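Let me begin by presenting the structure, written as structure tokens, before commenting on it.
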Amino acid sequence: MDNGENRKMDSRKVFRTVCLISFILYIMAIVYFLLLSDMEFYGRTQTYTDYRYNFIPFVEIRRFLHSAIYSGSIDYFDIWVNLVGNVVAFIPFGALIRWARNQTTGFWVVVLYTFLFSLGIEVIQLITKVGVFDVDDLLLNTLGGVIGYLCYRILRFIDRRRYQNGKKKS
């Protein structure tokens with residue numbers, strides 16, 4: 001191998017390490033914010049004494065959208081946290097899971113891993129009565145993972161194009 005190839009391999013190793021560390025920090029942050037943080041920030045001002053859950057898809061999504069469209073008083077913070085926040089919070093998961101696994105990761109694997117991670121969090125929230133088990137959260141979190149994966153694929157495509165174009169000029 002020439003010196004240029006060694007540098008490329010070293011930079012890939014550093015990139016993978018940074019992605020893996022980022023993924024671990026991301027998982028820790030998600031667990032902290034969803035299970036351990038000050039509950040008042042997320043509107044969880046009380047500790048539940050009973051199990052709270054929603055198993056019917058789109059009930060909470062519809063409720064928030066209905067509130068946003070038809071209500072005279074729109075609580076943008078609640079809409080942001082409950083709809084947009086559930087999607088945005090899982091975008092890094094979909095983008096970084098390939099690097100955490102250190103192998104090629106296809107679309108359906110990302111969907112499965114994101115769904116299972118979200119399911120784990122929802123089940124822990126239910127069991128510990130820290131939050132509400134909500135099937136809509138599973139859907140929105142999984143959508144976020146898919147968006148993250150698509151961002152990763154687009155950036156990878158752009159990077160490969162740039163590399164191929166640079167190689168043709170040499």
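Labels used: A, B, ... for chains in the order of the structure tokens, numbers from 1 for residues in each chain, and numbers from 1 for ligands as shown.
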Can you check which parts of range 44-161 of chain A lie within 9 Å of range 24-37 of chain A? Per residue, the shortest pair of atoms and distance in Å to one decimal, counting only C-alpha atoms, sorted by chain and number, as a Markdown table.
```
| residue | atom | partner | partner_atom | distance |
| --- | --- | --- | --- | --- |
| A:Ala89 | CA | A:Ile30 | CA | 7.8 |
| A:Phe90 | CA | A:Ile30 | CA | 8.8 |
| A:Pro92 | CA | A:Tyr26 | CA | 7.5 |
| A:Phe93 | CA | A:Tyr26 | CA | 7.7 |
| A:Ala100 | CA | A:Ile24 | CA | 8.2 |
| A:Ile121 | CA | A:Val31 | CA | 7.6 |
| A:Ile124 | CA | A:Leu35 | CA | 8.0 |
| A:Gln125 | CA | A:Leu35 | CA | 6.8 |
| A:Thr128 | CA | A:Leu35 | CA | 8.8 |
| A:Val130 | CA | A:Leu35 | CA | 6.5 |
| A:Gly131 | CA | A:Leu35 | CA | 7.9 |
```
Which of chain A counts as strand (DSSP E) under DSSP, as a list in words please?
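Those in chain A that DSSP calls strand (DSSP E) are Tyr53, Asn54, Phe133 and Asp134 of chain A.
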Go ahead and save the residues from that selection, with N, CA and C atoms, as a PDB file, in the first residue's frame.
```
ATOM      1  N   TYR A  53     -50.846   3.576  29.173  1.00  0.00           N
ATOM      2  CA  TYR A  53     -50.479   3.064  27.860  1.00  0.00           C
ATOM      3  C   TYR A  53     -51.518   3.437  26.815  1.00  0.00           C
ATOM      4  N   ASN A  54     -51.067   3.415  25.568  1.00  0.00           N
ATOM      5  CA  ASN A  54     -51.933   3.591  24.404  1.00  0.00           C
ATOM      6  C   ASN A  54     -51.485   2.573  23.367  1.00  0.00           C
ATOM      7  N   PHE A 133     -46.530   4.186  27.831  1.00  0.00           N
ATOM      8  CA  PHE A 133     -46.244   3.341  26.674  1.00  0.00           C
ATOM      9  C   PHE A 133     -47.200   3.790  25.577  1.00  0.00           C
ATOM     10  N   ASP A 134     -46.644   4.270  24.468  1.00  0.00           N
ATOM     11  CA  ASP A 134     -47.482   4.807  23.392  1.00  0.00           C
ATOM     12  C   ASP A 134     -47.032   4.226  22.064  1.00  0.00           C
TER      13      ASP A 134
END
```
Separation of CA of Phe115 in chain A from CA of Asn141 in chain A, in Å and rounded to one decimal
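Atom-to-atom, CA of Phe115 in chain A to CA of Asn141 in chain A, that is 7.3 Å.
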Alpha helix (DSSP H) call set, DSSP backbone run, range 2-156 of chain A, as a VMD selection string:
chain A and resid 3 to 31 59 to 70 76 to 79 85 to 88 91 to 101 107 to 128 135 to 156
For a test of reading the model, state the distance in Å between CA of Val87 in chain A and CA of Ile127 in chain A, rounded to one decimal.
22.9 Å
One decimal, Å: what's the distance from CA of Leu140 in chain A over to CA of Arg16 in chain A, could you say?
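The value is 27.4 Å.
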Looking at A:Asn6, A:Arg52, A:Asp78, A:Ala95, which one is nearest to Leu155 in chain A, with distances taken over only C-alpha atoms?
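Smallest distance to Leu155 in chain A is found for A:Ala95.
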Which of these residues is nearest to Arg12 in chain A, using only C-alpha atoms: A:Phe77, A:Tyr70, A:Tyr113, A:Trp99?
A:Trp99
My list of candidates is A:Lys129, A:Gly94, A:Ala68, A:Val14. Which is closest to Cys151 in chain A when distances are computed with only C-alpha atoms?
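Closest to Cys151 in chain A of all the choices is A:Gly94.
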Nearest residue to Gly148 in chain A out of A:Ile91, A:Ile97, A:Val132, A:Leu116, using only C-alpha atoms?
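Of A:Ile91, A:Ile97, A:Val132, A:Leu116, the one nearest Gly148 in chain A is A:Ile91, counting only C-alpha atoms.
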